[in-house]
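Source file: input31.cif; contents: mmCIF, C-alpha atoms.
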```cif
data_data
loop_
_atom_site.group_PDB
_atom_site.id
_atom_site.type_symbol
_atom_site.label_atom_id
_atom_site.label_comp_id
_atom_site.auth_asym_id
_atom_site.auth_seq_id
_atom_site.Cartn_x
_atom_site.Cartn_y
_atom_site.Cartn_z
ATOM 1 C CA MET A 9 30.689 -3.681 -19.656
ATOM 2 C CA GLN A 10 31.828 -0.250 -20.792
ATOM 3 C CA THR A 11 29.837 2.825 -19.912
ATOM 4 C CA LEU A 12 29.161 5.477 -22.510
ATOM 5 C CA GLU A 13 28.649 8.979 -21.232
ATOM 6 C CA ARG A 14 26.723 11.310 -23.466
ATOM 7 C CA THR A 15 24.788 14.468 -22.840
ATOM 8 C CA PHE A 16 21.177 14.601 -24.015
ATOM 9 C CA THR A 17 18.234 16.867 -23.294
ATOM 10 C CA LEU A 18 15.567 15.679 -20.878
ATOM 11 C CA ASP A 19 12.947 17.695 -19.025
ATOM 12 C CA ARG A 20 14.227 17.947 -15.422
ATOM 13 C CA ASP A 21 10.795 17.719 -13.830
ATOM 14 C CA LEU A 22 9.935 14.667 -15.912
ATOM 15 C CA ALA A 23 13.264 13.022 -15.056
ATOM 16 C CA ARG A 24 12.826 13.761 -11.344
ATOM 17 C CA ARG A 25 9.283 12.319 -11.309
ATOM 18 C CA ALA A 26 10.365 9.249 -13.266
ATOM 19 C CA ASP A 27 13.339 8.675 -10.969
ATOM 20 C CA ARG A 28 11.101 8.855 -7.859
ATOM 21 C CA LYS A 29 8.629 6.390 -9.324
ATOM 22 C CA LEU A 30 11.317 3.985 -10.516
ATOM 23 C CA HIS A 31 13.032 4.170 -7.133
ATOM 24 C CA ARG A 32 9.860 2.721 -5.532
ATOM 25 C CA TYR A 33 10.376 -0.378 -7.690
ATOM 26 C CA GLY A 34 14.103 -0.687 -7.006
ATOM 27 C CA MET A 35 15.202 0.820 -10.327
ATOM 28 C CA SER A 36 16.926 3.982 -11.398
ATOM 29 C CA LEU A 37 16.431 6.197 -14.407
ATOM 30 C CA ASP A 38 19.657 4.748 -15.825
ATOM 31 C CA ASP A 39 18.220 1.208 -15.478
ATOM 32 C CA ALA A 40 15.052 2.235 -17.295
ATOM 33 C CA LEU A 41 17.002 3.888 -20.093
ATOM 34 C CA GLU A 42 19.172 0.801 -20.496
ATOM 35 C CA LYS A 43 16.106 -1.477 -20.693
ATOM 36 C CA THR A 44 14.538 0.843 -23.261
ATOM 37 C CA LEU A 45 17.672 0.805 -25.414
ATOM 38 C CA VAL A 46 17.823 -3.008 -25.235
ATOM 39 C CA PHE A 47 14.182 -3.135 -26.346
ATOM 40 C CA VAL A 48 14.833 -0.743 -29.254
ATOM 41 C CA LEU A 49 17.846 -2.718 -30.429
ATOM 42 C CA SER A 50 16.220 -6.141 -30.078
ATOM 43 C CA THR A 51 13.032 -5.216 -31.970
ATOM 44 C CA ARG A 52 12.954 -5.691 -35.727
ATOM 45 C CA GLY A 53 11.746 -2.681 -37.664
ATOM 46 C CA ASN A 54 10.143 0.284 -35.956
ATOM 47 C CA PRO A 55 9.973 -0.523 -32.213
ATOM 48 C CA TRP A 56 7.199 2.030 -31.685
ATOM 49 C CA GLY A 57 5.172 0.908 -34.695
ATOM 50 C CA ASP A 58 2.045 -1.204 -34.722
ATOM 51 C CA THR A 59 3.914 -4.336 -33.649
ATOM 52 C CA VAL A 60 1.895 -4.628 -30.445
ATOM 53 C CA ARG A 61 -1.843 -4.634 -30.946
ATOM 54 C CA PRO A 62 -4.187 -4.577 -27.982
ATOM 55 C CA MET A 63 -5.912 -7.879 -27.293
ATOM 56 C CA PRO A 64 -9.564 -7.804 -28.403
ATOM 57 C CA SER A 65 -12.245 -8.423 -25.764
ATOM 58 C CA VAL A 66 -13.912 -10.988 -28.028
ATOM 59 C CA ILE A 67 -12.575 -13.387 -30.641
ATOM 60 C CA GLU A 68 -14.770 -14.772 -33.394
ATOM 61 C CA PHE A 69 -13.742 -17.996 -35.093
ATOM 62 C CA ASP A 70 -15.108 -20.811 -37.242
ATOM 63 C CA THR A 71 -14.554 -24.540 -36.873
ATOM 64 C CA GLN A 72 -16.336 -27.597 -38.240
ATOM 65 C CA GLY A 73 -18.539 -25.275 -40.324
ATOM 66 C CA GLU A 74 -19.902 -23.404 -37.281
ATOM 67 C CA HIS A 75 -19.288 -19.857 -36.037
ATOM 68 C CA PHE A 76 -18.311 -19.175 -32.408
ATOM 69 C CA VAL A 77 -17.580 -16.142 -30.231
ATOM 70 C CA ALA A 78 -15.233 -16.244 -27.236
ATOM 71 C CA ASP A 79 -14.946 -13.653 -24.475
ATOM 72 C CA VAL A 80 -11.353 -12.704 -23.588
ATOM 73 C CA THR A 81 -10.080 -11.480 -20.221
ATOM 74 C CA GLN A 82 -6.577 -10.745 -19.045
ATOM 75 C CA GLU A 83 -5.006 -12.380 -16.005
ATOM 76 C CA GLY A 84 -1.469 -11.168 -15.410
ATOM 77 C CA ASP A 85 0.504 -11.599 -18.616
ATOM 78 C CA ARG A 86 -1.841 -14.341 -19.927
ATOM 79 C CA TYR A 87 -5.226 -14.108 -21.633
ATOM 80 C CA LEU A 88 -8.199 -16.333 -20.832
ATOM 81 C CA ALA A 89 -10.921 -17.094 -23.356
ATOM 82 C CA GLU A 90 -14.275 -18.823 -22.944
ATOM 83 C CA VAL A 91 -16.624 -19.723 -25.792
ATOM 84 C CA ARG A 92 -20.017 -18.065 -25.315
ATOM 85 C CA GLY A 93 -22.752 -20.532 -24.462
ATOM 86 C CA HIS A 94 -20.199 -23.304 -23.856
ATOM 87 C CA PRO A 95 -18.559 -22.856 -20.435
ATOM 88 C CA GLU A 96 -16.726 -26.154 -20.896
ATOM 89 C CA CYS A 97 -14.800 -24.602 -23.809
ATOM 90 C CA PHE A 98 -12.089 -22.404 -22.329
ATOM 91 C CA THR A 99 -8.375 -21.916 -22.807
ATOM 92 C CA GLU A 100 -5.527 -19.503 -22.184
ATOM 93 C CA GLY A 101 -2.655 -18.082 -24.200
ATOM 94 C CA GLY A 102 -0.049 -15.379 -24.364
ATOM 95 C CA SER A 103 -1.134 -13.852 -27.673
ATOM 96 C CA GLU A 104 -4.162 -13.496 -29.918
ATOM 97 C CA ALA A 105 -2.734 -16.033 -32.382
ATOM 98 C CA GLU A 106 -2.249 -18.580 -29.591
ATOM 99 C CA LEU A 107 -5.769 -18.018 -28.307
ATOM 100 C CA ARG A 108 -7.273 -18.475 -31.757
ATOM 101 C CA GLN A 109 -5.407 -21.754 -32.264
ATOM 102 C CA TYR A 110 -6.300 -23.090 -28.811
ATOM 103 C CA LEU A 111 -9.940 -22.014 -29.119
ATOM 104 C CA VAL A 112 -10.351 -24.046 -32.296
ATOM 105 C CA GLU A 113 -8.627 -27.042 -30.679
ATOM 106 C CA VAL A 114 -10.672 -26.946 -27.472
ATOM 107 C CA THR A 115 -13.942 -26.354 -29.331
ATOM 108 C CA ASP A 116 -13.226 -29.248 -31.700
ATOM 109 C CA GLY A 117 -12.412 -31.440 -28.738
ATOM 110 C CA MET A 118 -15.268 -30.519 -26.441
ATOM 111 C CA LEU A 119 -18.151 -29.928 -28.857
ATOM 112 C CA PHE A 120 -17.321 -32.357 -31.629
ATOM 113 C CA GLY A 121 -16.155 -35.327 -29.534
ATOM 114 C CA LEU A 122 -12.461 -35.128 -30.288
ATOM 115 C CA GLY A 123 -11.258 -34.731 -26.681
ATOM 116 C CA GLU A 124 -11.861 -35.413 -22.998
ATOM 117 C CA LYS A 125 -13.421 -33.112 -20.431
ATOM 118 C CA VAL A 126 -11.011 -31.505 -17.971
ATOM 119 C CA ALA A 127 -12.042 -30.206 -14.542
ATOM 120 C CA ARG A 128 -11.843 -26.429 -14.271
#
```
Show this structure as structure tokens.
Amino acid sequence: MQTLERTFTLDRDLARRADRKLHRYGMSLDDALEKTLVFVLSTRGNPWGDTVRPMPSVIEFDTQGEHFVADVTQEGDRYLAEVRGHPECFTEGGSEAELRQYLVEVTDGMLFGLGEKVAR
């Protein structure tokens, strides 16, 4: 891999603080800059735009003509959801879209007889 050297302006105090913090995690400021550039180049459109929305703390959804609400919590890089009033209806996913899909599936299965109970 070739290395490009270019001068750019960066606040010295900010760079020094960032370098100290990154050093605690086995990284350097150069490593962080490289990862940032890879992210910018691999993201379609504006990488700082509204592409990443925060996960809501509740998800409302409808299935089989009924309305349900699920509480969402984060565990690591995954999200857990449990349907209010139905502790047997729970699932996990990596995104809001995944959670919505899985919530409908698990609710259909557990409340409307389309699946089997699984031990928690």
Practice problem: Evaluate the PyMOL selection byres ((chain A and resi 78) around 8) on the structure here and hand back the selected residues as a ChimeraX atom specification. | Solution: /A:66-68,76-77,79-80,89-92
Store the residues of this selection in a file with C-alpha atoms, as a PDB file, keeping the file's coordinate frame.
```
ATOM      1  CA  VAL A  66     -13.912 -10.988 -28.028  1.00  0.00           C
ATOM      2  CA  ILE A  67     -12.575 -13.387 -30.641  1.00  0.00           C
ATOM      3  CA  GLU A  68     -14.770 -14.772 -33.394  1.00  0.00           C
ATOM      4  CA  PHE A  76     -18.311 -19.175 -32.408  1.00  0.00           C
ATOM      5  CA  VAL A  77     -17.580 -16.142 -30.231  1.00  0.00           C
ATOM      6  CA  ASP A  79     -14.946 -13.653 -24.475  1.00  0.00           C
ATOM      7  CA  VAL A  80     -11.353 -12.704 -23.588  1.00  0.00           C
ATOM      8  CA  ALA A  89     -10.921 -17.094 -23.356  1.00  0.00           C
ATOM      9  CA  GLU A  90     -14.275 -18.823 -22.944  1.00  0.00           C
ATOM     10  CA  VAL A  91     -16.624 -19.723 -25.792  1.00  0.00           C
ATOM     11  CA  ARG A  92     -20.017 -18.065 -25.315  1.00  0.00           C
TER      12      ARG A  92
END
```
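In this structure, atom CA of A:Leu18 sits 19.6 Å away from atom CA of A:Phe47.
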Quiz item: Pick the closest to A:Phe69 from A:Asp85, A:Glu104, A:Asp21, A:Asp27: which is it, counting only C-alpha atoms?
Solution: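 Using only C-alpha atoms, the shortest distance to A:Phe69 belongs to A:Glu104.
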Quiz item: To one decimal place, how far is atom CA of A:Thr115 from atom CA of A:Leu88 in Å?
Solution: 14.3 Å
Exercise. Check the smallest atom-to-atom distance from each of A:Thr15, A:Tyr87, A:Tyr33, A:Glu74 to A:Ala105 using all atoms listed in the file, then report the winner.
Key: A:Tyr87
Quiz item: At what distance in Å, to one decimal, does atom CA of A:Ser36 lie from atom CA of A:Arg86?
Solution: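 Computing it gives 27.6 Å between the two atoms.
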